[in-house]
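Here's the structure, in structure tokens; my notes come after.
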Amino acid sequence: MARLTKIVILAISVGILAVLWRDTFEPEILSGAHVLLTGASKGIGEQMAYHYAQFGSELVITARNKTLLKQVEEKCLHLGARKVHSISADMSDPKSGNQVVQFALEKLGSLNYLVLNHIGYDPLQMWGGNAEHTSWLMQVNFLSYVQLTAAALPSLIETKGSIIVVSSLCGKIAIPYAASYSASKSALEGFFNSLRHELVIQKREVSVTLCVLGLIDTQTAMEKMRARGLPIVSPHPAAEAALDIIRGGAIRAKEIYSPWWVEGIVRTRDWFTDLKDMFMHRYFRPMDGQ
Ligand SMILES: NC(=O)c1ccc[n+]([C@@H]2O[C@H](COP(=O)([O-])OP(=O)(O)OC[C@H]3O[C@@H](n4cnc5c(N)ncnc54)[C@H](OP(=O)(O)O)[C@@H]3O)[C@@H](O)[C@H]2O)c1
Ligand SMILES: *[C@@H]1O[C@H](CO)[C@@H](O)[C@H](O)[C@H]1NC(C)=O
């Protein structure tokens, strides 16, 4: 084959691949979308609320702190949200999930997006045998996600909507000082990856997007790192992580990573494990007396 023909074929193939792989996110589809967002009083959830507001979505936001929720609500309206309501709820109560979804359905009529993002407070500490705390954290970080999903699924099936689950690199690769947290995040993976298969088998067009985040610069995360005496190396901005999550949900991706290089860490997690463990044990060495 002539050289020129080869070059032309290669160029066309690259062009086709570029079209197939292009970012198909169209913010317009979020205009008027009905969104229930948890953990929206601060951190990444708060930033997601502002993005959805700017895209013209109708929002119900939840967390425990009413004062903070009201502030986020006002800012959302200012930014262009069509509608925004908030409800205070503590997800350590197994009844909260259903109550919050019923409130959202009352206010919005239906749901297009269920965005599961909240987490219970868990400092970076050795697991000292407190099974009670692990159980509490599993309720807040995992079981409440299941309870919210159970209540929202009928509406999501009707609207061919989306479930967005915010998880962490810790759900893929465990680190020390986060046994309960890592457990809750891997539990999310198991549950929601299985649910995604079941929805497909039943021909129900509800997408499930799992979001694998690296270190994000929220106040909670930064304070936890400092309290543990860990060096903070270029954390990813919360507003950017928030947009990555929203985009992933809107394009109905199965899994997204934020920042982007987290994908490389996940895909190579079984390479040189002994060597990586050695570095990890060095990086996470105990502080004096702890
Ligand atoms: N920041 C990171 O480095 C990082 C890394 C990987 C993954 N992630 C994931 O990203 C998500 C958000 O993290 P973030 O750093 O933004 O956290 P954050 O700033 O601490 O925010 C947590 C949110 O959850 C709410 N919340 C806490 N306890 C609750 C409870 N018992 N019931 C209901 N709501 C509760 C908080 O509001 P109230 O206190 O008002 O209830 C707040 O709105 C989490 O799923 C986390 O695992 C974060
Ligand atoms: C809500 O958050 C504000 C600001 O961080 C804080 O001052 C207040 O004590 C919190 N309220 C509750 C009930 O925790």
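Following the order of the structure tokens, chains are lettered A, B, ..., residues in each are numbered from 1, and ligands are numbered from 1.
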Exercise. Would you mind listing what lies within 10 Å of A:Gln147 as a ChimeraX atom specification, with only C-alpha atoms counted and same-chain residues fewer than 2 positions away left out?
Key: /A:91,94-99,101,139,142-145,149-152
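If you count only C-alpha atoms and ignore residues fewer than 6 places along the chain from A:Leu59, what sits within 8 Å of it is His34, Val35, Leu36, Leu37, Ala49, Tyr52, Ala53, Ala81, Arg82, Lys83, Val84, His85 and Leu108 of chain A.
Residues in contact with stretch 157-173 of chain A at 6 Å, where only C-alpha atoms are counted and same-chain residues fewer than 2 positions away are skipped, are listed as Asn112, Tyr113, Leu114, Val115, Leu116, Asn117, Leu153, Pro154, Ser155, Ser182, Lys185, Ser186, Glu205, Val206, Ser207, Val208, Thr209, Leu210, Cys211, Val212, Leu213, Gly214 and Gly249 of chain A.
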Residues contacting ligand 1 - anything with an atom at most 6 Å away, using only C-alpha atoms and all ligand atoms - can you give me those as a PDB file with N, CA and C atoms, in the first residue's frame?
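Once everything was written out, this is part23.pdb:
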```
ATOM      1  N   GLY A  39     -25.277  15.738  51.590  1.00  0.00           N
ATOM      2  CA  GLY A  39     -23.994  16.287  52.055  1.00  0.00           C
ATOM      3  C   GLY A  39     -23.683  17.618  51.403  1.00  0.00           C
ATOM      4  N   ALA A  40     -24.736  18.453  51.237  1.00  0.00           N
ATOM      5  CA  ALA A  40     -24.595  19.676  50.441  1.00  0.00           C
ATOM      6  C   ALA A  40     -24.320  20.921  51.278  1.00  0.00           C
ATOM      7  N   SER A  41     -24.096  20.771  52.588  1.00  0.00           N
ATOM      8  CA  SER A  41     -23.898  21.959  53.424  1.00  0.00           C
ATOM      9  C   SER A  41     -22.483  22.502  53.344  1.00  0.00           C
ATOM     10  N   LYS A  42     -21.548  21.673  52.918  1.00  0.00           N
ATOM     11  CA  LYS A  42     -20.154  22.134  52.783  1.00  0.00           C
ATOM     12  C   LYS A  42     -19.384  21.200  51.850  1.00  0.00           C
ATOM     13  N   GLY A  43     -18.111  21.538  51.660  1.00  0.00           N
ATOM     14  CA  GLY A  43     -17.216  20.670  50.886  1.00  0.00           C
ATOM     15  C   GLY A  43     -17.651  20.464  49.437  1.00  0.00           C
ATOM     16  N   ILE A  44     -17.425  19.268  48.933  1.00  0.00           N
ATOM     17  CA  ILE A  44     -17.692  18.957  47.523  1.00  0.00           C
ATOM     18  C   ILE A  44     -19.191  19.063  47.220  1.00  0.00           C
ATOM     19  N   GLY A  45     -20.036  18.634  48.161  1.00  0.00           N
ATOM     20  CA  GLY A  45     -21.487  18.698  47.980  1.00  0.00           C
ATOM     21  C   GLY A  45     -21.962  20.125  47.790  1.00  0.00           C
ATOM     22  N   ALA A  63     -28.401  17.767  54.517  1.00  0.00           N
ATOM     23  CA  ALA A  63     -27.246  17.575  55.423  1.00  0.00           C
ATOM     24  C   ALA A  63     -27.857  17.779  56.811  1.00  0.00           C
ATOM     25  N   ARG A  64     -27.063  17.859  57.880  1.00  0.00           N
ATOM     26  CA  ARG A  64     -27.663  18.086  59.200  1.00  0.00           C
ATOM     27  C   ARG A  64     -27.816  19.569  59.532  1.00  0.00           C
ATOM     28  N   ASN A  65     -26.789  20.372  59.195  1.00  0.00           N
ATOM     29  CA  ASN A  65     -26.739  21.759  59.676  1.00  0.00           C
ATOM     30  C   ASN A  65     -27.669  22.700  58.879  1.00  0.00           C
ATOM     31  N   ALA A  89     -31.374  16.447  57.871  1.00  0.00           N
ATOM     32  CA  ALA A  89     -31.565  15.043  58.250  1.00  0.00           C
ATOM     33  C   ALA A  89     -30.230  14.444  58.659  1.00  0.00           C
ATOM     34  N   ASP A  90     -30.291  13.561  59.646  1.00  0.00           N
ATOM     35  CA  ASP A  90     -29.086  12.859  60.101  1.00  0.00           C
ATOM     36  C   ASP A  90     -29.144  11.431  59.561  1.00  0.00           C
ATOM     37  N   MET A  91     -28.204  11.097  58.711  1.00  0.00           N
ATOM     38  CA  MET A  91     -28.232   9.796  58.026  1.00  0.00           C
ATOM     39  C   MET A  91     -27.802   8.637  58.921  1.00  0.00           C
ATOM     40  N   SER A  92     -27.496   8.918  60.196  1.00  0.00           N
ATOM     41  CA  SER A  92     -27.242   7.805  61.113  1.00  0.00           C
ATOM     42  C   SER A  92     -28.572   7.185  61.551  1.00  0.00           C
ATOM     43  N   ASN A 117     -23.503  11.689  48.443  1.00  0.00           N
ATOM     44  CA  ASN A 117     -22.182  12.305  48.653  1.00  0.00           C
ATOM     45  C   ASN A 117     -21.779  12.436  50.121  1.00  0.00           C
ATOM     46  N   HIS A 118     -22.743  12.435  51.057  1.00  0.00           N
ATOM     47  CA  HIS A 118     -22.412  12.726  52.466  1.00  0.00           C
ATOM     48  C   HIS A 118     -21.546  11.618  53.091  1.00  0.00           C
ATOM     49  N   ILE A 119     -20.797  11.995  54.120  1.00  0.00           N
ATOM     50  CA  ILE A 119     -20.073  10.996  54.932  1.00  0.00           C
ATOM     51  C   ILE A 119     -20.098  11.443  56.383  1.00  0.00           C
ATOM     52  N   GLY A 120     -20.067  10.497  57.283  1.00  0.00           N
ATOM     53  CA  GLY A 120     -19.988  10.797  58.710  1.00  0.00           C
ATOM     54  C   GLY A 120     -18.566  11.141  59.092  1.00  0.00           C
ATOM     55  N   TYR A 121     -18.401  11.889  60.163  1.00  0.00           N
ATOM     56  CA  TYR A 121     -17.068  12.320  60.569  1.00  0.00           C
ATOM     57  C   TYR A 121     -16.256  11.139  61.102  1.00  0.00           C
ATOM     58  N   VAL A 140     -24.042   5.527  58.180  1.00  0.00           N
ATOM     59  CA  VAL A 140     -24.009   6.860  57.563  1.00  0.00           C
ATOM     60  C   VAL A 140     -23.439   6.801  56.139  1.00  0.00           C
ATOM     61  N   VAL A 166     -20.621   9.000  45.290  1.00  0.00           N
ATOM     62  CA  VAL A 166     -19.293   9.576  45.500  1.00  0.00           C
ATOM     63  C   VAL A 166     -18.491   8.643  46.394  1.00  0.00           C
ATOM     64  N   SER A 167     -17.423   8.096  45.830  1.00  0.00           N
ATOM     65  CA  SER A 167     -16.574   7.194  46.591  1.00  0.00           C
ATOM     66  C   SER A 167     -15.153   7.746  46.620  1.00  0.00           C
ATOM     67  N   SER A 168     -14.207   6.890  46.925  1.00  0.00           N
ATOM     68  CA  SER A 168     -12.845   7.363  47.165  1.00  0.00           C
ATOM     69  C   SER A 168     -11.844   6.323  46.698  1.00  0.00           C
ATOM     70  N   LEU A 213     -12.551   9.445  43.969  1.00  0.00           N
ATOM     71  CA  LEU A 213     -11.837  10.703  44.182  1.00  0.00           C
ATOM     72  C   LEU A 213     -10.514  10.488  44.902  1.00  0.00           C
ATOM     73  N   GLY A 214      -9.534  11.304  44.539  1.00  0.00           N
ATOM     74  CA  GLY A 214      -8.276  11.384  45.278  1.00  0.00           C
ATOM     75  C   GLY A 214      -8.417  12.446  46.351  1.00  0.00           C
ATOM     76  N   LEU A 215      -7.300  13.004  46.803  1.00  0.00           N
ATOM     77  CA  LEU A 215      -7.368  14.016  47.863  1.00  0.00           C
ATOM     78  C   LEU A 215      -7.938  15.326  47.311  1.00  0.00           C
ATOM     79  N   ILE A 216      -9.011  15.805  47.959  1.00  0.00           N
ATOM     80  CA  ILE A 216      -9.698  17.028  47.524  1.00  0.00           C
ATOM     81  C   ILE A 216      -9.559  18.063  48.656  1.00  0.00           C
ATOM     82  N   ASP A 217      -9.420  19.340  48.275  1.00  0.00           N
ATOM     83  CA  ASP A 217      -9.051  20.348  49.284  1.00  0.00           C
ATOM     84  C   ASP A 217     -10.193  20.845  50.187  1.00  0.00           C
ATOM     85  N   THR A 218     -11.110  19.977  50.610  1.00  0.00           N
ATOM     86  CA  THR A 218     -12.175  20.451  51.499  1.00  0.00           C
ATOM     87  C   THR A 218     -11.589  20.667  52.900  1.00  0.00           C
ATOM     88  N   THR A 220     -12.682  19.750  55.801  1.00  0.00           N
ATOM     89  CA  THR A 220     -12.661  18.522  56.621  1.00  0.00           C
ATOM     90  C   THR A 220     -11.433  17.675  56.298  1.00  0.00           C
ATOM     91  N   ALA A 221     -11.195  17.454  54.996  1.00  0.00           N
ATOM     92  CA  ALA A 221     -10.086  16.585  54.588  1.00  0.00           C
ATOM     93  C   ALA A 221      -8.743  17.200  54.978  1.00  0.00           C
TER      94      ALA A 221
END
```
Can I get the residues close to ligand 2 as a compact mmCIF listing (two decimals) with all heavy atoms, in the first residue's frame, where close means within 7 Å and we count only C-alpha atoms and all ligand atoms?
```
# COMPACT_ATOMS: atom_id res chain seq x y z
N ASN A 65 -26.79 20.37 59.20
CA ASN A 65 -26.74 21.76 59.68
C ASN A 65 -27.67 22.70 58.88
O ASN A 65 -27.38 23.07 57.74
CB ASN A 65 -25.29 22.25 59.60
CG ASN A 65 -25.08 23.56 60.33
OD1 ASN A 65 -25.86 24.48 60.15
ND2 ASN A 65 -24.04 23.63 61.13
N LYS A 66 -28.79 23.11 59.55
CA LYS A 66 -29.82 23.93 58.89
C LYS A 66 -29.29 25.29 58.47
O LYS A 66 -29.63 25.79 57.40
CB LYS A 66 -30.97 24.17 59.88
CG LYS A 66 -31.92 23.01 59.95
CD LYS A 66 -33.14 23.38 60.79
CE LYS A 66 -33.96 22.14 61.03
NZ LYS A 66 -34.53 22.03 62.36
N THR A 67 -28.49 25.91 59.35
CA THR A 67 -27.96 27.24 59.06
C THR A 67 -27.14 27.22 57.78
O THR A 67 -27.31 28.06 56.89
CB THR A 67 -27.05 27.71 60.23
OG1 THR A 67 -27.64 27.29 61.45
CG2 THR A 67 -26.84 29.18 60.23
N LEU A 68 -26.24 26.25 57.68
CA LEU A 68 -25.40 26.15 56.49
C LEU A 68 -26.25 25.84 55.25
O LEU A 68 -26.03 26.41 54.18
CB LEU A 68 -24.32 25.08 56.66
CG LEU A 68 -23.23 25.38 57.69
CD1 LEU A 68 -22.28 24.21 57.83
CD2 LEU A 68 -22.46 26.64 57.32
```
Exercise. As a VMD selection string, please: all residues of stretch 23-89 of chain A that backbone DSSP puts in strand (DSSP E or B).
Key: chain A and resid 34 to 38 58 to 63 83 to 88
Output of the above residues as a tab-separated table (two decimals), in the first residue's frame, restricted to N, CA and C atoms:
```tsv
chain	number	residue	atom	x	y	z
A	34	HIS	N	-34.32	17.43	37.88
A	34	HIS	CA	-34.67	17.35	39.30
A	34	HIS	C	-33.58	16.59	40.04
A	35	VAL	N	-32.90	17.27	40.96
A	35	VAL	CA	-31.72	16.69	41.61
A	35	VAL	C	-31.89	16.63	43.12
A	36	LEU	N	-31.66	15.45	43.69
A	36	LEU	CA	-31.57	15.32	45.15
A	36	LEU	C	-30.11	15.09	45.49
A	37	LEU	N	-29.55	16.01	46.27
A	37	LEU	CA	-28.11	16.02	46.56
A	37	LEU	C	-27.88	15.96	48.07
A	38	THR	N	-27.09	14.97	48.51
A	38	THR	CA	-26.82	14.84	49.95
A	38	THR	C	-25.44	15.39	50.31
A	58	GLU	N	-33.33	21.96	39.25
A	58	GLU	CA	-34.21	22.13	40.41
A	58	GLU	C	-33.68	21.21	41.49
A	59	LEU	N	-33.39	21.79	42.66
A	59	LEU	CA	-32.61	21.06	43.66
A	59	LEU	C	-33.33	20.84	44.99
A	60	VAL	N	-33.09	19.66	45.56
A	60	VAL	CA	-33.35	19.47	47.00
A	60	VAL	C	-32.01	19.08	47.61
A	61	ILE	N	-31.58	19.88	48.59
A	61	ILE	CA	-30.28	19.60	49.22
A	61	ILE	C	-30.50	19.16	50.66
A	62	THR	N	-29.61	18.32	51.14
A	62	THR	CA	-29.73	17.84	52.52
A	62	THR	C	-28.37	17.68	53.19
A	63	ALA	N	-28.40	17.77	54.52
A	63	ALA	CA	-27.25	17.58	55.42
A	63	ALA	C	-27.86	17.78	56.81
A	83	LYS	N	-35.25	26.18	41.27
A	83	LYS	CA	-36.00	25.89	42.49
A	83	LYS	C	-34.98	25.29	43.43
A	84	VAL	N	-35.02	25.62	44.72
A	84	VAL	CA	-34.16	24.90	45.66
A	84	VAL	C	-34.82	24.82	47.03
A	85	HIS	N	-34.84	23.61	47.57
A	85	HIS	CA	-35.39	23.36	48.90
A	85	HIS	C	-34.34	22.61	49.69
A	86	SER	N	-34.38	22.80	51.04
A	86	SER	CA	-33.43	22.02	51.83
A	86	SER	C	-34.16	21.31	52.96
A	87	ILE	N	-33.60	20.21	53.38
A	87	ILE	CA	-34.15	19.46	54.50
A	87	ILE	C	-33.00	18.95	55.36
A	88	SER	N	-33.14	19.20	56.66
A	88	SER	CA	-32.10	18.75	57.58
A	88	SER	C	-32.39	17.31	57.98
```
Quiz item: What are the DSSP helix (DSSP H, G or I) residues of stretch 41-280 of chain A, as an NGL selection string?
Solution: :A and (43-54 or 66-79 or 96-108 or 131-159 or 169-171 or 179-201 or 219-228 or 238-250 or 262-267 or 273-280)
Quiz item: With only C-alpha atoms as the basis for distance, which of A:Ala33, A:Gln47, A:Asp93, A:Pro286 is at the shortest distance from A:Leu79?
Solution: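 Looking at the shortest contact to A:Leu79, the residue is A:Gln47.
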Exercise. Can you pull out every residue within 8 Å of A:Leu30, counting only C-alpha atoms, but drop anything in the same chain fewer than 2 positions away, and send it as number ranges by chain?
Key: A: 27-28, 32-33, 52, 55-57, 250
How would the residues just picked look written out with N, CA, C and O atoms as a PDB file, in the first residue's frame?
```pdb
ATOM      1  N   PRO A  27     -24.295  20.568  29.056  1.00  0.00           N
ATOM      2  CA  PRO A  27     -24.873  21.128  30.284  1.00  0.00           C
ATOM      3  C   PRO A  27     -26.368  21.396  30.164  1.00  0.00           C
ATOM      4  O   PRO A  27     -27.078  21.397  31.172  1.00  0.00           O
ATOM      5  N   GLU A  28     -26.859  21.587  28.915  1.00  0.00           N
ATOM      6  CA  GLU A  28     -28.290  21.913  28.743  1.00  0.00           C
ATOM      7  C   GLU A  28     -29.191  20.819  29.317  1.00  0.00           C
ATOM      8  O   GLU A  28     -30.302  21.103  29.760  1.00  0.00           O
ATOM      9  N   GLY A  32     -33.402  22.391  34.313  1.00  0.00           N
ATOM     10  CA  GLY A  32     -34.713  21.867  34.704  1.00  0.00           C
ATOM     11  C   GLY A  32     -34.661  20.456  35.265  1.00  0.00           C
ATOM     12  O   GLY A  32     -35.701  19.900  35.647  1.00  0.00           O
ATOM     13  N   ALA A  33     -33.488  19.832  35.330  1.00  0.00           N
ATOM     14  CA  ALA A  33     -33.382  18.479  35.896  1.00  0.00           C
ATOM     15  C   ALA A  33     -33.687  18.512  37.395  1.00  0.00           C
ATOM     16  O   ALA A  33     -33.381  19.491  38.078  1.00  0.00           O
ATOM     17  N   TYR A  52     -24.923  22.752  39.820  1.00  0.00           N
ATOM     18  CA  TYR A  52     -26.279  22.400  39.370  1.00  0.00           C
ATOM     19  C   TYR A  52     -27.133  23.671  39.262  1.00  0.00           C
ATOM     20  O   TYR A  52     -27.921  23.818  38.325  1.00  0.00           O
ATOM     21  N   PHE A  55     -26.411  25.490  36.180  1.00  0.00           N
ATOM     22  CA  PHE A  55     -26.944  24.799  34.994  1.00  0.00           C
ATOM     23  C   PHE A  55     -28.470  24.868  34.950  1.00  0.00           C
ATOM     24  O   PHE A  55     -29.095  24.301  34.061  1.00  0.00           O
ATOM     25  N   GLY A  56     -29.087  25.511  35.943  1.00  0.00           N
ATOM     26  CA  GLY A  56     -30.537  25.697  35.935  1.00  0.00           C
ATOM     27  C   GLY A  56     -31.343  24.501  36.424  1.00  0.00           C
ATOM     28  O   GLY A  56     -32.509  24.327  36.064  1.00  0.00           O
ATOM     29  N   SER A  57     -30.741  23.665  37.272  1.00  0.00           N
ATOM     30  CA  SER A  57     -31.458  22.492  37.795  1.00  0.00           C
ATOM     31  C   SER A  57     -32.412  22.888  38.924  1.00  0.00           C
ATOM     32  O   SER A  57     -32.327  23.975  39.477  1.00  0.00           O
ATOM     33  N   ALA A 250     -23.941  13.045  34.215  1.00  0.00           N
ATOM     34  CA  ALA A 250     -24.728  13.522  33.068  1.00  0.00           C
ATOM     35  C   ALA A 250     -24.430  12.698  31.817  1.00  0.00           C
ATOM     36  O   ALA A 250     -25.325  12.464  31.002  1.00  0.00           O
TER      37      ALA A 250
END
```
Practice problem: Do a neighbour search on stretch 131-134 of chain A at 9 Å with only C-alpha atoms, toss out local chain neighbours closer than 4 positions, and write the hits as a ChimeraX atom specification. | Solution: /A:122,127,138-139,179-181,183-184
Exercise. Measure the distance from atom CA of A:Trp136 to atom CA of A:Lys224 in Å and round it to one decimal.
Key: 19.0 Å
Quiz item: Any idea what the distance is between atom CA of A:Lys254 and atom CA of A:Asn193?
Solution: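 Going from atom CA of A:Lys254 over to atom CA of A:Asn193 covers 8.6 Å.
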Self-check item: Atom-to-atom span, atom CA of A:Asp244 and atom CA of A:Glu46, Å
Solution: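 Computed distance, atom CA of A:Asp244 to atom CA of A:Glu46, equals 14.0 Å.
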Self-check item: Shell of 9 Å around A:Ile232, only C-alpha atoms, local chain residues under 4 positions omitted, as a ChimeraX atom specification
Solution: /A:215,222,225-226
Exercise. Have a look at A:Asp270, A:Glu240, A:Glu263, A:Glu189 and name the one nearest to A:His51; count only C-alpha atoms.
Key: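 Smallest distance to A:His51 is found for A:Glu240.
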